[in-house]
file final_30.txt (compact mmCIF, C-alpha atoms)
# COMPACT_ATOMS: atom_id res chain seq x y z
CA MET H 1 -63.70 -13.99 -57.50
CA VAL H 2 -64.30 -10.30 -58.17
CA LYS H 3 -61.64 -8.76 -60.38
CA PHE H 4 -60.86 -5.07 -60.44
CA ALA H 5 -59.08 -2.50 -62.51
CA LEU H 6 -58.64 1.13 -61.48
CA TYR H 7 -60.77 3.66 -63.30
CA ASP H 8 -57.63 5.46 -64.39
CA GLN H 9 -58.35 9.16 -64.83
CA ASN H 10 -56.06 12.14 -64.40
CA TYR H 11 -58.35 14.96 -65.46
CA SER H 12 -61.12 16.92 -63.79
CA MET H 13 -64.30 14.91 -63.36
CA LYS H 14 -67.77 15.41 -61.97
CA VAL H 15 -67.97 13.38 -58.77
CA VAL H 16 -71.06 12.71 -56.65
CA VAL H 17 -70.40 11.77 -53.02
CA LEU H 18 -73.26 10.07 -51.21
CA GLY H 19 -73.13 11.00 -47.53
CA ALA H 20 -72.03 14.15 -45.67
CA GLY H 21 -70.63 12.61 -42.51
CA ILE H 22 -66.98 13.03 -41.60
CA ILE H 23 -65.94 10.47 -44.25
CA GLY H 24 -67.98 11.99 -47.08
CA THR H 25 -66.98 15.53 -46.15
CA THR H 26 -63.24 14.82 -46.05
CA SER H 27 -63.57 12.87 -49.30
CA ALA H 28 -65.19 15.92 -50.90
CA TYR H 29 -62.40 18.16 -49.62
CA PHE H 30 -59.59 16.11 -51.10
CA LEU H 31 -61.49 15.52 -54.35
CA ALA H 32 -61.97 19.27 -54.74
CA LYS H 33 -58.31 19.82 -53.87
CA ASN H 34 -57.42 17.44 -56.72
CA GLY H 35 -59.43 19.62 -59.09
CA HIS H 36 -62.71 17.74 -59.40
CA GLU H 37 -66.23 19.18 -59.54
CA VAL H 38 -67.89 17.67 -56.47
CA THR H 39 -71.50 17.35 -55.32
CA VAL H 40 -72.33 15.87 -51.90
CA ILE H 41 -75.80 14.47 -51.22
CA ASP H 42 -77.23 13.88 -47.74
CA ARG H 43 -80.68 13.45 -46.22
CA GLN H 44 -79.84 15.65 -43.21
CA ASP H 45 -79.82 19.46 -43.17
CA SER H 46 -76.08 19.81 -42.50
CA VAL H 47 -72.84 17.85 -42.31
CA SER H 48 -72.10 15.20 -39.65
CA MET H 49 -75.58 15.04 -38.18
CA GLU H 50 -75.59 11.28 -37.60
CA THR H 51 -72.74 8.93 -36.57
CA SER H 52 -70.11 11.68 -36.75
CA HIS H 53 -72.09 14.13 -34.63
CA ALA H 54 -71.16 13.27 -31.03
CA ASN H 55 -68.52 10.55 -31.17
CA ALA H 56 -65.76 10.03 -28.60
CA GLY H 57 -63.63 12.87 -29.95
CA CYS H 58 -60.37 10.92 -29.86
CA LEU H 59 -58.02 10.71 -32.83
CA SER H 60 -56.60 7.36 -31.82
CA TYR H 61 -53.72 6.84 -34.22
CA GLY H 62 -51.88 4.56 -31.79
CA PHE H 63 -54.90 3.01 -30.10
CA THR H 64 -56.28 1.43 -33.26
CA SER H 65 -57.50 -2.13 -32.86
CA PRO H 66 -60.30 -4.34 -34.14
CA TRP H 67 -62.99 -5.43 -31.71
CA ALA H 68 -62.53 -8.97 -33.00
CA SER H 69 -59.63 -10.22 -30.89
CA PRO H 70 -58.61 -13.61 -29.47
CA GLY H 71 -59.96 -12.66 -26.04
CA LEU H 72 -63.33 -11.29 -27.14
CA PRO H 73 -65.44 -14.49 -26.88
CA LEU H 74 -64.30 -15.15 -23.29
CA ASN H 75 -64.67 -11.49 -22.34
CA ALA H 76 -68.18 -11.44 -23.77
CA LEU H 77 -69.08 -14.38 -21.53
CA LYS H 78 -67.58 -12.64 -18.48
CA TRP H 79 -69.46 -9.43 -19.28
CA ALA H 80 -72.71 -11.35 -19.57
CA LEU H 81 -72.18 -12.90 -16.13
CA THR H 82 -71.48 -9.54 -14.48
CA GLY H 83 -74.61 -7.94 -15.93
CA ARG H 84 -72.62 -4.81 -16.96
CA SER H 85 -71.53 -5.67 -20.43
CA PRO H 86 -70.24 -3.05 -22.90
CA LEU H 87 -71.49 -5.47 -25.57
CA ILE H 88 -75.28 -5.64 -25.68
CA ILE H 89 -77.04 -7.98 -28.06
CA ASN H 90 -80.76 -7.76 -28.74
CA PRO H 91 -82.19 -11.16 -27.73
CA LYS H 92 -84.39 -11.06 -30.83
CA LEU H 93 -81.50 -11.75 -33.17
CA SER H 94 -82.00 -10.74 -36.79
CA SER H 95 -80.31 -12.67 -39.58
CA GLU H 96 -78.00 -9.69 -40.17
CA THR H 97 -76.91 -9.68 -36.53
CA ILE H 98 -76.23 -13.41 -36.60
CA LYS H 99 -74.15 -13.09 -39.77
CA PHE H 100 -72.16 -10.21 -38.32
CA LEU H 101 -71.47 -12.06 -35.06
CA PHE H 102 -70.39 -15.19 -36.92
CA ARG H 103 -68.05 -13.26 -39.23
CA MET H 104 -66.59 -11.36 -36.30
CA TYR H 105 -66.07 -14.60 -34.36
CA LYS H 106 -64.10 -16.00 -37.31
CA ASN H 107 -61.69 -13.06 -36.88
CA CYS H 108 -61.17 -13.73 -33.16
CA ASN H 109 -57.82 -15.45 -33.55
CA SER H 110 -54.23 -14.26 -33.25
CA LEU H 111 -53.39 -14.38 -36.95
CA SER H 112 -56.49 -12.48 -38.09
CA TYR H 113 -56.07 -9.96 -35.28
CA GLU H 114 -52.51 -9.14 -36.32
CA ILE H 115 -53.46 -8.82 -40.00
CA ASN H 116 -56.50 -6.65 -39.25
CA LYS H 117 -54.72 -4.44 -36.74
CA SER H 118 -51.85 -3.88 -39.16
CA ARG H 119 -54.25 -2.83 -41.92
CA MET H 120 -56.06 -0.46 -39.58
CA LEU H 121 -52.82 1.06 -38.31
CA ARG H 122 -51.68 1.62 -41.88
CA ILE H 123 -54.75 3.75 -42.56
CA ALA H 124 -54.64 5.48 -39.17
CA SER H 125 -50.98 6.49 -39.52
CA TYR H 126 -51.63 7.85 -42.99
CA SER H 127 -54.68 9.68 -41.71
CA GLN H 128 -52.66 11.58 -39.12
CA LYS H 129 -50.41 12.90 -41.89
CA ALA H 130 -53.45 13.86 -43.97
CA LEU H 131 -55.01 15.71 -41.03
CA LEU H 132 -51.80 17.69 -40.53
CA GLU H 133 -51.91 18.47 -44.26
CA ILE H 134 -55.39 19.96 -43.81
CA GLU H 135 -54.17 22.02 -40.86
CA ASN H 136 -51.36 23.28 -43.08
CA ASP H 137 -53.77 24.07 -45.93
CA PHE H 138 -55.85 26.53 -43.90
CA GLU H 139 -56.43 27.68 -40.34
CA ILE H 140 -58.88 25.32 -38.67
CA ASN H 141 -60.08 25.19 -35.08
CA TYR H 142 -61.90 22.12 -33.81
CA GLU H 143 -61.02 22.20 -30.09
CA GLN H 144 -57.96 20.15 -30.94
CA ARG H 145 -55.38 19.04 -28.38
CA LYS H 146 -52.19 17.17 -29.14
CA GLN H 147 -51.26 15.69 -25.79
CA GLY H 148 -51.49 11.99 -26.57
CA SER H 149 -53.91 9.44 -25.14
CA LEU H 150 -53.73 7.01 -22.27
CA GLN H 151 -55.09 3.47 -22.20
CA LEU H 152 -55.73 2.29 -18.65
CA PHE H 153 -55.22 -1.17 -17.17
CA TRP H 154 -56.96 -2.35 -14.02
CA ASP H 155 -55.14 -5.67 -13.80
CA THR H 156 -51.47 -6.53 -14.32
CA LYS H 157 -52.59 -9.46 -16.50
CA GLU H 158 -53.84 -6.93 -19.05
CA ILE H 159 -50.38 -5.39 -19.24
CA ASP H 160 -48.80 -8.80 -19.80
CA LYS H 161 -51.08 -9.38 -22.80
CA ILE H 162 -50.07 -6.30 -24.78
CA ALA H 163 -46.58 -7.41 -25.84
CA LYS H 164 -47.81 -8.49 -29.28
CA ASP H 165 -49.66 -5.20 -29.75
CA ILE H 166 -46.50 -3.27 -28.93
CA SER H 167 -44.56 -5.19 -31.59
CA ILE H 168 -47.20 -4.31 -34.21
CA LEU H 169 -47.11 -0.65 -33.17
CA GLU H 170 -43.35 -0.57 -33.56
CA LYS H 171 -43.68 -1.68 -37.20
CA PHE H 172 -45.56 1.56 -37.86
CA ASN H 173 -43.20 3.73 -35.78
CA ILE H 174 -45.98 4.52 -33.32
CA GLN H 175 -44.58 5.86 -30.08
CA SER H 176 -46.00 4.23 -26.98
CA LYS H 177 -44.80 3.69 -23.45
CA ILE H 178 -46.06 1.44 -20.67
CA LEU H 179 -46.56 3.41 -17.46
CA ASP H 180 -47.01 2.49 -13.83
CA PRO H 181 -49.85 4.16 -11.85
CA LYS H 182 -47.68 7.08 -10.70
CA GLU H 183 -46.55 7.78 -14.24
CA CYS H 184 -50.18 7.65 -15.42
CA ILE H 185 -51.03 10.37 -12.91
CA LYS H 186 -48.17 12.52 -14.21
CA VAL H 187 -49.75 12.33 -17.66
CA GLU H 188 -53.30 12.84 -16.38
CA PRO H 189 -53.19 14.41 -12.88
CA ALA H 190 -56.92 13.91 -12.23
CA LEU H 191 -56.33 10.13 -12.20
CA LYS H 192 -55.29 10.62 -8.57
CA TYR H 193 -58.82 9.61 -7.60
CA ALA H 194 -58.36 6.19 -9.21
CA LYS H 195 -54.73 5.59 -8.22
CA ASN H 196 -55.53 2.74 -5.82
CA LYS H 197 -57.40 0.85 -8.54
CA LEU H 198 -54.98 1.34 -11.43
CA ALA H 199 -52.47 -1.30 -12.49
CA GLY H 200 -50.89 0.96 -15.07
CA GLY H 201 -51.40 2.20 -18.60
CA ILE H 202 -49.94 2.72 -22.02
CA HIS H 203 -49.34 6.24 -23.30
CA PHE H 204 -49.70 6.95 -27.03
CA LYS H 205 -47.70 10.16 -27.29
CA ASN H 206 -48.81 11.24 -30.74
CA ASP H 207 -52.58 10.78 -30.46
CA PHE H 208 -54.79 13.86 -30.80
CA THR H 209 -58.25 14.87 -29.64
CA GLY H 210 -60.83 17.12 -31.26
CA ASN H 211 -64.49 17.81 -31.89
CA CYS H 212 -65.43 15.85 -34.99
CA TYR H 213 -68.59 17.87 -35.62
CA LEU H 214 -66.70 21.19 -35.44
CA PHE H 215 -64.03 19.80 -37.77
CA SER H 216 -66.66 18.67 -40.28
CA THR H 217 -68.32 22.08 -40.16
CA GLU H 218 -65.01 23.85 -40.85
CA ILE H 219 -64.23 21.45 -43.72
CA TYR H 220 -67.72 22.07 -45.09
CA LYS H 221 -67.12 25.85 -45.12
CA LYS H 222 -63.80 25.36 -46.88
CA CYS H 223 -65.41 23.00 -49.40
CA LEU H 224 -67.97 25.70 -50.26
CA GLU H 225 -65.08 28.11 -50.94
CA MET H 226 -63.56 25.46 -53.21
CA GLY H 227 -66.77 25.15 -55.20
CA VAL H 228 -68.23 21.95 -53.72
CA HIS H 229 -72.03 21.72 -53.94
CA PHE H 230 -73.96 20.26 -51.00
CA GLU H 231 -77.47 18.94 -51.56
CA PHE H 232 -78.98 18.64 -48.07
CA ASN H 233 -82.45 17.33 -47.16
CA THR H 234 -82.10 15.03 -50.14
CA VAL H 235 -83.19 11.42 -49.78
CA ILE H 236 -81.38 8.89 -51.97
CA ASP H 237 -83.88 6.47 -53.48
CA SER H 238 -81.71 4.31 -55.71
CA VAL H 239 -78.73 4.05 -58.02
CA LYS H 240 -79.41 3.58 -61.72
CA LEU H 241 -77.15 1.34 -63.82
CA ASN H 242 -76.27 1.39 -67.48
CA ASN H 243 -74.23 -1.60 -68.66
CA ASN H 244 -71.24 -1.83 -66.32
CA GLU H 245 -71.40 1.71 -64.96
CA ILE H 246 -73.43 3.86 -62.61
CA PHE H 247 -75.64 6.08 -64.75
CA SER H 248 -77.21 8.30 -62.08
CA VAL H 249 -78.47 8.63 -58.52
CA LEU H 250 -82.23 9.00 -58.08
CA THR H 251 -83.44 11.15 -55.18
CA ASN H 252 -86.55 12.90 -53.94
CA LYS H 253 -85.17 16.02 -55.63
CA GLY H 254 -84.52 14.45 -58.98
CA GLN H 255 -81.67 12.74 -60.76
CA PHE H 256 -77.96 13.47 -60.24
CA LYS H 257 -75.41 12.49 -62.87
CA ALA H 258 -71.64 12.41 -62.69
CA ASP H 259 -68.56 10.72 -64.12
CA THR H 260 -67.75 9.01 -60.82
CA TYR H 261 -69.73 8.13 -57.69
CA VAL H 262 -68.65 7.57 -54.10
CA VAL H 263 -70.71 5.78 -51.45
CA SER H 264 -69.92 7.10 -47.96
CA LEU H 265 -73.24 6.43 -46.28
CA GLY H 266 -71.88 4.72 -43.20
CA SER H 267 -74.14 1.92 -41.99
CA TYR H 268 -76.64 2.79 -44.71
CA SER H 269 -74.12 2.01 -47.47
CA LYS H 270 -75.06 -1.66 -47.40
CA LYS H 271 -78.68 -1.07 -48.39
CA ILE H 272 -77.98 1.11 -51.40
CA LEU H 273 -75.24 -1.24 -52.61
CA SER H 274 -77.19 -4.47 -52.20
CA ASN H 275 -79.73 -3.14 -54.70
CA ILE H 276 -77.02 -3.21 -57.38
CA GLY H 277 -75.60 -6.60 -56.46
CA ILE H 278 -72.78 -5.52 -54.15
CA GLU H 279 -72.78 -7.12 -50.71
CA ILE H 280 -70.50 -5.71 -48.02
CA PRO H 281 -70.65 -6.92 -44.41
CA VAL H 282 -71.17 -3.49 -42.82
CA TYR H 283 -73.30 -3.66 -39.67
CA PRO H 284 -74.76 -0.75 -37.62
CA VAL H 285 -73.09 -1.21 -34.23
CA LYS H 286 -74.95 1.23 -32.02
CA GLY H 287 -72.84 3.39 -29.73
CA TYR H 288 -73.69 5.97 -27.09
CA SER H 289 -72.14 9.12 -25.70
CA ILE H 290 -72.79 11.66 -22.97
CA THR H 291 -71.42 15.20 -22.93
CA MET H 292 -71.11 17.13 -19.67
CA PRO H 293 -69.65 20.49 -18.60
CA VAL H 294 -66.27 20.52 -16.85
CA LEU H 295 -66.61 21.38 -13.14
CA SER H 296 -62.93 21.65 -12.26
CA ASP H 297 -60.06 21.71 -14.75
CA LYS H 298 -57.62 20.09 -12.33
CA ASP H 299 -60.07 17.24 -11.69
CA ALA H 300 -60.96 16.66 -15.35
CA PRO H 301 -59.14 14.83 -18.16
CA GLN H 302 -56.70 16.85 -20.25
CA SER H 303 -56.82 14.58 -23.29
CA THR H 304 -58.31 11.12 -23.94
CA ILE H 305 -58.50 8.27 -21.45
CA MET H 306 -59.42 4.85 -22.81
CA ASP H 307 -60.78 2.23 -20.49
CA GLU H 308 -60.42 -0.83 -22.69
CA LYS H 309 -61.83 -3.21 -20.09
CA ASN H 310 -65.14 -1.35 -19.96
CA LYS H 311 -64.90 -0.23 -23.62
CA ILE H 312 -65.34 3.49 -23.00
CA ALA H 313 -63.35 6.59 -23.97
CA ILE H 314 -63.34 9.82 -21.96
CA THR H 315 -62.21 12.92 -23.84
CA ARG H 316 -61.74 16.59 -23.04
CA LEU H 317 -63.38 18.82 -25.64
CA GLY H 318 -62.99 22.48 -24.73
CA ASP H 319 -64.96 23.12 -21.55
CA LYS H 320 -66.79 19.80 -21.81
CA ILE H 321 -66.11 16.12 -21.16
CA ARG H 322 -67.39 13.49 -23.56
CA VAL H 323 -67.78 9.85 -22.56
CA ALA H 324 -68.49 7.38 -25.35
CA GLY H 325 -68.66 3.65 -25.75
CA MET H 326 -70.79 0.53 -25.67
CA ALA H 327 -71.57 -1.73 -28.60
CA HIS H 328 -75.26 -2.45 -28.97
CA LEU H 329 -76.24 -4.95 -31.67
CA THR H 330 -79.85 -4.14 -32.34
CA ASP H 331 -79.90 -3.29 -36.05
CA PHE H 332 -81.23 0.25 -36.67
CA ASN H 333 -83.12 0.73 -33.41
CA LYS H 334 -82.55 4.39 -32.39
CA HIS H 335 -83.94 4.09 -28.87
CA LEU H 336 -81.77 5.75 -26.22
CA ARG H 337 -81.13 2.97 -23.72
CA GLU H 338 -81.12 4.34 -20.17
CA LYS H 339 -78.86 1.56 -18.88
CA SER H 340 -76.20 2.60 -21.37
CA ARG H 341 -76.32 6.18 -20.11
CA GLU H 342 -75.93 4.91 -16.56
CA SER H 343 -72.96 2.76 -17.60
CA LEU H 344 -71.22 5.76 -19.17
CA VAL H 345 -71.79 7.87 -16.06
CA THR H 346 -70.51 5.02 -13.88
CA GLY H 347 -67.39 4.76 -16.03
CA LEU H 348 -66.78 8.50 -15.67
CA ASP H 349 -67.32 8.36 -11.91
CA LEU H 350 -64.78 5.57 -11.62
CA ILE H 351 -62.01 7.71 -13.10
CA PHE H 352 -62.95 11.39 -12.78
CA PRO H 353 -65.57 11.63 -10.00
CA LYS H 354 -65.02 15.36 -9.35
CA GLY H 355 -64.31 16.62 -12.85
CA TYR H 356 -67.78 17.24 -14.23
CA LYS H 357 -70.95 19.12 -13.41
CA SER H 358 -73.74 16.74 -12.52
CA SER H 359 -76.92 17.64 -14.34
CA ASN H 360 -80.23 16.10 -15.30
CA ASN H 361 -79.83 17.67 -18.72
CA VAL H 362 -76.92 15.53 -19.87
CA ASN H 363 -76.48 15.50 -23.64
CA PHE H 364 -77.20 11.81 -24.26
CA TRP H 365 -76.67 10.67 -27.86
CA THR H 366 -76.60 7.53 -29.95
CA GLY H 367 -75.29 6.72 -33.41
CA PHE H 368 -74.72 3.72 -35.66
CA ARG H 369 -71.06 2.91 -36.25
CA PRO H 370 -70.64 1.28 -39.69
CA SER H 371 -68.63 -1.76 -38.60
CA THR H 372 -66.98 -4.54 -40.53
CA PRO H 373 -66.36 -7.93 -38.86
CA ASP H 374 -62.58 -7.52 -39.24
CA GLY H 375 -62.50 -3.87 -38.15
CA THR H 376 -60.87 -2.59 -41.34
CA PRO H 377 -62.83 -0.05 -43.41
CA ILE H 378 -63.68 -0.54 -47.07
CA ILE H 379 -61.97 2.04 -49.29
CA GLY H 380 -61.52 1.81 -53.03
CA ASN H 381 -63.03 0.68 -56.28
CA THR H 382 -65.81 -1.79 -57.00
CA PRO H 383 -66.87 -4.06 -59.87
CA TYR H 384 -68.54 -0.98 -61.40
CA LYS H 385 -65.71 1.02 -62.89
CA ASN H 386 -67.06 4.46 -61.89
CA LEU H 387 -68.20 3.51 -58.37
CA TYR H 388 -66.00 3.78 -55.27
CA LEU H 389 -66.56 3.04 -51.60
CA ASN H 390 -65.40 4.83 -48.46
CA THR H 391 -67.27 3.24 -45.58
CA GLY H 392 -67.11 0.67 -42.77
CA HIS H 393 -64.86 2.61 -40.37
CA GLY H 394 -66.61 1.44 -37.20
CA THR H 395 -65.51 3.32 -34.08
CA LEU H 396 -62.57 4.92 -35.92
CA GLY H 397 -64.25 7.07 -38.55
CA TRP H 398 -62.95 10.29 -36.98
CA THR H 399 -59.45 8.84 -36.60
CA MET H 400 -59.27 7.53 -40.17
CA SER H 401 -61.29 10.22 -41.94
CA ALA H 402 -58.59 12.46 -43.39
CA GLY H 403 -56.45 9.60 -44.67
CA SER H 404 -59.46 7.74 -46.06
CA GLY H 405 -60.60 10.84 -47.92
CA LYS H 406 -57.18 11.53 -49.38
CA LEU H 407 -56.58 7.90 -50.35
CA LEU H 408 -59.95 7.70 -52.09
CA SER H 409 -59.38 10.96 -53.94
CA ASN H 410 -55.98 9.82 -55.18
CA LEU H 411 -57.42 6.52 -56.40
CA ILE H 412 -60.18 8.31 -58.30
CA SER H 413 -57.69 10.84 -59.70
CA GLY H 414 -55.32 8.17 -60.99
CA ILE H 415 -52.63 9.25 -58.51
CA ASP H 416 -50.51 6.44 -57.11
CA PRO H 417 -51.61 5.83 -53.50
CA GLU H 418 -49.06 6.76 -50.85
CA ILE H 419 -49.80 3.63 -48.84
CA SER H 420 -50.51 0.04 -49.78
CA THR H 421 -54.14 -0.65 -50.55
CA GLU H 422 -53.76 -4.36 -49.79
CA GLY H 423 -56.72 -5.68 -47.84
CA ILE H 424 -58.69 -2.44 -47.59
CA ASP H 425 -61.01 -2.55 -50.58
CA MET H 426 -64.08 -4.74 -50.98
CA SER H 427 -62.18 -7.51 -52.79
CA ARG H 428 -61.46 -9.17 -49.44
CA TYR H 429 -65.19 -9.93 -49.29
CA SER H 430 -65.43 -11.14 -52.88
CA PHE H 431 -66.94 -14.46 -51.81
CA SER H 432 -70.18 -12.71 -50.86
CA ASN H 433 -70.78 -10.72 -54.01
CA LYS H 434 -73.19 -11.38 -56.81
CA THR H 435 -71.39 -9.29 -59.42
CA GLU H 436 -68.21 -10.17 -61.23
CA PHE H 437 -66.54 -7.92 -63.73
CA ASN H 438 -63.14 -7.83 -65.33
CA TYR H 439 -61.94 -4.56 -66.78
CA GLY H 440 -58.49 -5.81 -67.63
call {"tool": "encode", "arguments": {"input": "final_30.txt", "output": "structure tokens"}}
result
Amino acid sequence: MVKFALYDQNYSMKVVVLGAGIIGTTSAYFLAKNGHEVTVIDRQDSVSMETSHANAGCLSYGFTSPWASPGLPLNALKWALTGRSPLIINPKLSSETIKFLFRMYKNCNSLSYEINKSRMLRIASYSQKALLEIENDFEINYEQRKQGSLQLFWDTKEIDKIAKDISILEKFNIQSKILDPKECIKVEPALKYAKNKLAGGIHFKNDFTGNCYLFSTEIYKKCLEMGVHFEFNTVIDSVKLNNNEIFSVLTNKGQFKADTYVVSLGSYSKKILSNIGIEIPVYPVKGYSITMPVLSDKDAPQSTIMDEKNKIAITRLGDKIRVAGMAHLTDFNKHLREKSRESLVTGLDLIFPKGYKSSNNVNFWTGFRPSTPDGTPIIGNTPYKNLYLNTGHGTLGWTMSAGSGKLLSNLISGIDPEISTEGIDMSRYSFSNKTEFNYG
């Protein structure tokens, strides 16, 4: 079993953050706020140019659930039979895909689901508070709306199944309300076009929406004011060890040294870590999104609509509508799958057929969500006493970003965490690791 001890520091340190997505950028912000000298390294030419760039846009503090649920295996079979599955698996299965599917299947039971959902909600609830802290720190505009979100049900059986979810939500004081079709339309008037198909919905009153890329860009600007250094167009080659510590990071632009290192490389975290004996089950679940101009405000969504049955989210971002979803297990294949675009358009047509401008120049995007088999991210220390992780957030990186960044910064700074860290660091995967250290 891997044993840990916090790298207890309460003074200013040099910290290198690997990755400038939404997780790495918010980590840098809170580290700088805690007084550390921070350098962020990324291979792209700006922040949030990969998975964070065109995600669903929903800050789903209430609608936070793992994919691995008791009903997933049966649903996957049903989806396969219909030919319109939100879960697509490359028939040429790699060993990594097989391992991920097996580990996820092991979490498809009621007990694991409740444990995993509770852990995720703990981080999500904390993250909402951390986001509001950022908004209080300085004026920031990211096309944010605070009108809640609405999960739709197309069958009354779906409503009957959510009783256990509601009880978990109540433990975290998350406000939600089950609505009938008429009440759904009061929340989102443009649902009038789908009223004859709806069975009802659940309204999460305190969910937000916002443009993740715009948020990252504003945080980046603030980080520069706070003295954070960003090294863009910098390819990370390897991590160099010295005894039981990270000595430096080797890149195409030379060597970077620090007191402490943070890996926030999303799906690419696994590769850099495996080279130093740390194995984490983070898999690149490929997702897609389309972004289209609003045609008519009254016929378009006002916040976020989540169609759990078809695994898509539809979000209003300024004068645009973003539709995101699908889960494509095909390792790091970046190909834009036309059938996935068609599925997203079909999902939008089902709910808001008159709300968007039809165009051949739809902004069609794909990104790799760094997913764990249990849905919970990996935040915290490692067997190397000056190495920390902040990765594995799956579809909820935007939702969990602020809280994850603040939690990580407090851990590095020797500040007592404001939430329990039980079950959210890499120790829950200790059986798969090659390294074992004890810094008692």
call {"tool": "residues_around", "arguments": {"input": "final_30.txt", "residues": "Leu131 in chain H", "least_positions_apart": "3", "cutoff": "9 Å", "atoms": "only C-alpha atoms", "output": "list in words"}}
result
Tyr126, Ser127, Gln128, Ile134, Glu135, Asn136, Ser401, Ala402 and Gly403 of chain H
call {"tool": "write_last_selection", "arguments": {"input": "final_30.txt", "atoms": "C-alpha atoms", "output": "JSON list (two decimals), in the coordinates of the input"}}
result
[["chain", "number", "residue", "atom", "x", "y", "z"],
["H", 126, "TYR", "CA", -51.63, 7.85, -42.99],
["H", 127, "SER", "CA", -54.68, 9.68, -41.71],
["H", 128, "GLN", "CA", -52.66, 11.58, -39.12],
["H", 134, "ILE", "CA", -55.39, 19.96, -43.81],
["H", 135, "GLU", "CA", -54.17, 22.02, -40.86],
["H", 136, "ASN", "CA", -51.36, 23.28, -43.08],
["H", 401, "SER", "CA", -61.29, 10.22, -41.94],
["H", 402, "ALA", "CA", -58.59, 12.46, -43.39],
["H", 403, "GLY", "CA", -56.45, 9.60, -44.67]]
call {"tool": "atom_distance", "arguments": {"input": "final_30.txt", "atom1": "CA of Lys406 in chain H", "atom2": "CA of Lys33 in chain H"}}
result
9.5 Å
call {"tool": "residues_around", "arguments": {"input": "final_30.txt", "residues": "Leu241 in chain H", "least_positions_apart": "3", "cutoff": "12 Å", "atoms": "all atoms listed in the file", "output": "PyMOL selection string"}}
result
chain H and resi 238+244-250+257+261+273+275-277+384-387
call {"tool": "closest_residue", "arguments": {"input": "final_30.txt", "among": "H:Leu224, H:Glu183, H:Gly19, H:Leu191", "to": "Ile236 in chain H", "atoms": "all atoms listed in the file"}}
result
H:Gly19
call {"tool": "residues_around", "arguments": {"input": "final_30.txt", "residues": "Glu225 in chain H", "least_positions_apart": "6", "cutoff": "12 Å", "atoms": "all atoms listed in the file", "output": "PDB file with C-alpha atoms, keeping the file's coordinate frame"}}
result
ATOM      1  CA  TYR H  29     -62.400  18.160 -49.620  1.00  0.00           C
ATOM      2  CA  ALA H  32     -61.970  19.270 -54.740  1.00  0.00           C
ATOM      3  CA  LYS H  33     -58.310  19.820 -53.870  1.00  0.00           C
ATOM      4  CA  PHE H 138     -55.850  26.530 -43.900  1.00  0.00           C
ATOM      5  CA  GLU H 218     -65.010  23.850 -40.850  1.00  0.00           C
ATOM      6  CA  ILE H 219     -64.230  21.450 -43.720  1.00  0.00           C
TER       7      ILE H 219
END
call {"tool": "atom_distance", "arguments": {"input": "final_30.txt", "atom1": "CA of Thr251 in chain H", "atom2": "CA of Asp237 in chain H"}}
result
5.0 Å
call {"tool": "residues_around", "arguments": {"input": "final_30.txt", "residues": "Asn410 in chain H", "least_positions_apart": "3", "cutoff": "12 Å", "atoms": "only C-alpha atoms", "output": "PyMOL selection string"}}
result
chain H and resi 6-11+27-36+379-381+388+403-407+413-419+421
call {"tool": "write_last_selection", "arguments": {"input": "final_30.txt", "atoms": "C-alpha atoms", "output": "compact mmCIF listing (two decimals), in the frame of the given file"}}
result
# COMPACT_ATOMS: atom_id res chain seq x y z
CA LEU H 6 -58.64 1.13 -61.48
CA TYR H 7 -60.77 3.66 -63.30
CA ASP H 8 -57.63 5.46 -64.39
CA GLN H 9 -58.35 9.16 -64.83
CA ASN H 10 -56.06 12.14 -64.40
CA TYR H 11 -58.35 14.96 -65.46
CA SER H 27 -63.57 12.87 -49.30
CA ALA H 28 -65.19 15.92 -50.90
CA TYR H 29 -62.40 18.16 -49.62
CA PHE H 30 -59.59 16.11 -51.10
CA LEU H 31 -61.49 15.52 -54.35
CA ALA H 32 -61.97 19.27 -54.74
CA LYS H 33 -58.31 19.82 -53.87
CA ASN H 34 -57.42 17.44 -56.72
CA GLY H 35 -59.43 19.62 -59.09
CA HIS H 36 -62.71 17.74 -59.40
CA ILE H 379 -61.97 2.04 -49.29
CA GLY H 380 -61.52 1.81 -53.03
CA ASN H 381 -63.03 0.68 -56.28
CA TYR H 388 -66.00 3.78 -55.27
CA GLY H 403 -56.45 9.60 -44.67
CA SER H 404 -59.46 7.74 -46.06
CA GLY H 405 -60.60 10.84 -47.92
CA LYS H 406 -57.18 11.53 -49.38
CA LEU H 407 -56.58 7.90 -50.35
CA SER H 413 -57.69 10.84 -59.70
CA GLY H 414 -55.32 8.17 -60.99
CA ILE H 415 -52.63 9.25 -58.51
CA ASP H 416 -50.51 6.44 -57.11
CA PRO H 417 -51.61 5.83 -53.50
CA GLU H 418 -49.06 6.76 -50.85
CA ILE H 419 -49.80 3.63 -48.84
CA THR H 421 -54.14 -0.65 -50.55
call {"tool": "residues_around", "arguments": {"input": "final_30.txt", "residues": "range 153-165 of chain H", "least_positions_apart": "5", "cutoff": "7 Å", "atoms": "all atoms listed in the file", "output": "compact mmCIF listing (two decimals) with C-alpha atoms, keeping the file's coordinate frame"}}
result
# COMPACT_ATOMS: atom_id res chain seq x y z
CA LYS H 197 -57.40 0.85 -8.54
CA LEU H 198 -54.98 1.34 -11.43
CA ALA H 199 -52.47 -1.30 -12.49
CA GLY H 200 -50.89 0.96 -15.07
CA GLY H 201 -51.40 2.20 -18.60
call {"tool": "atom_distance", "arguments": {"input": "final_30.txt", "atom1": "CA of Tyr213 in chain H", "atom2": "CA of Ile22 in chain H"}}
result
7.9 Å
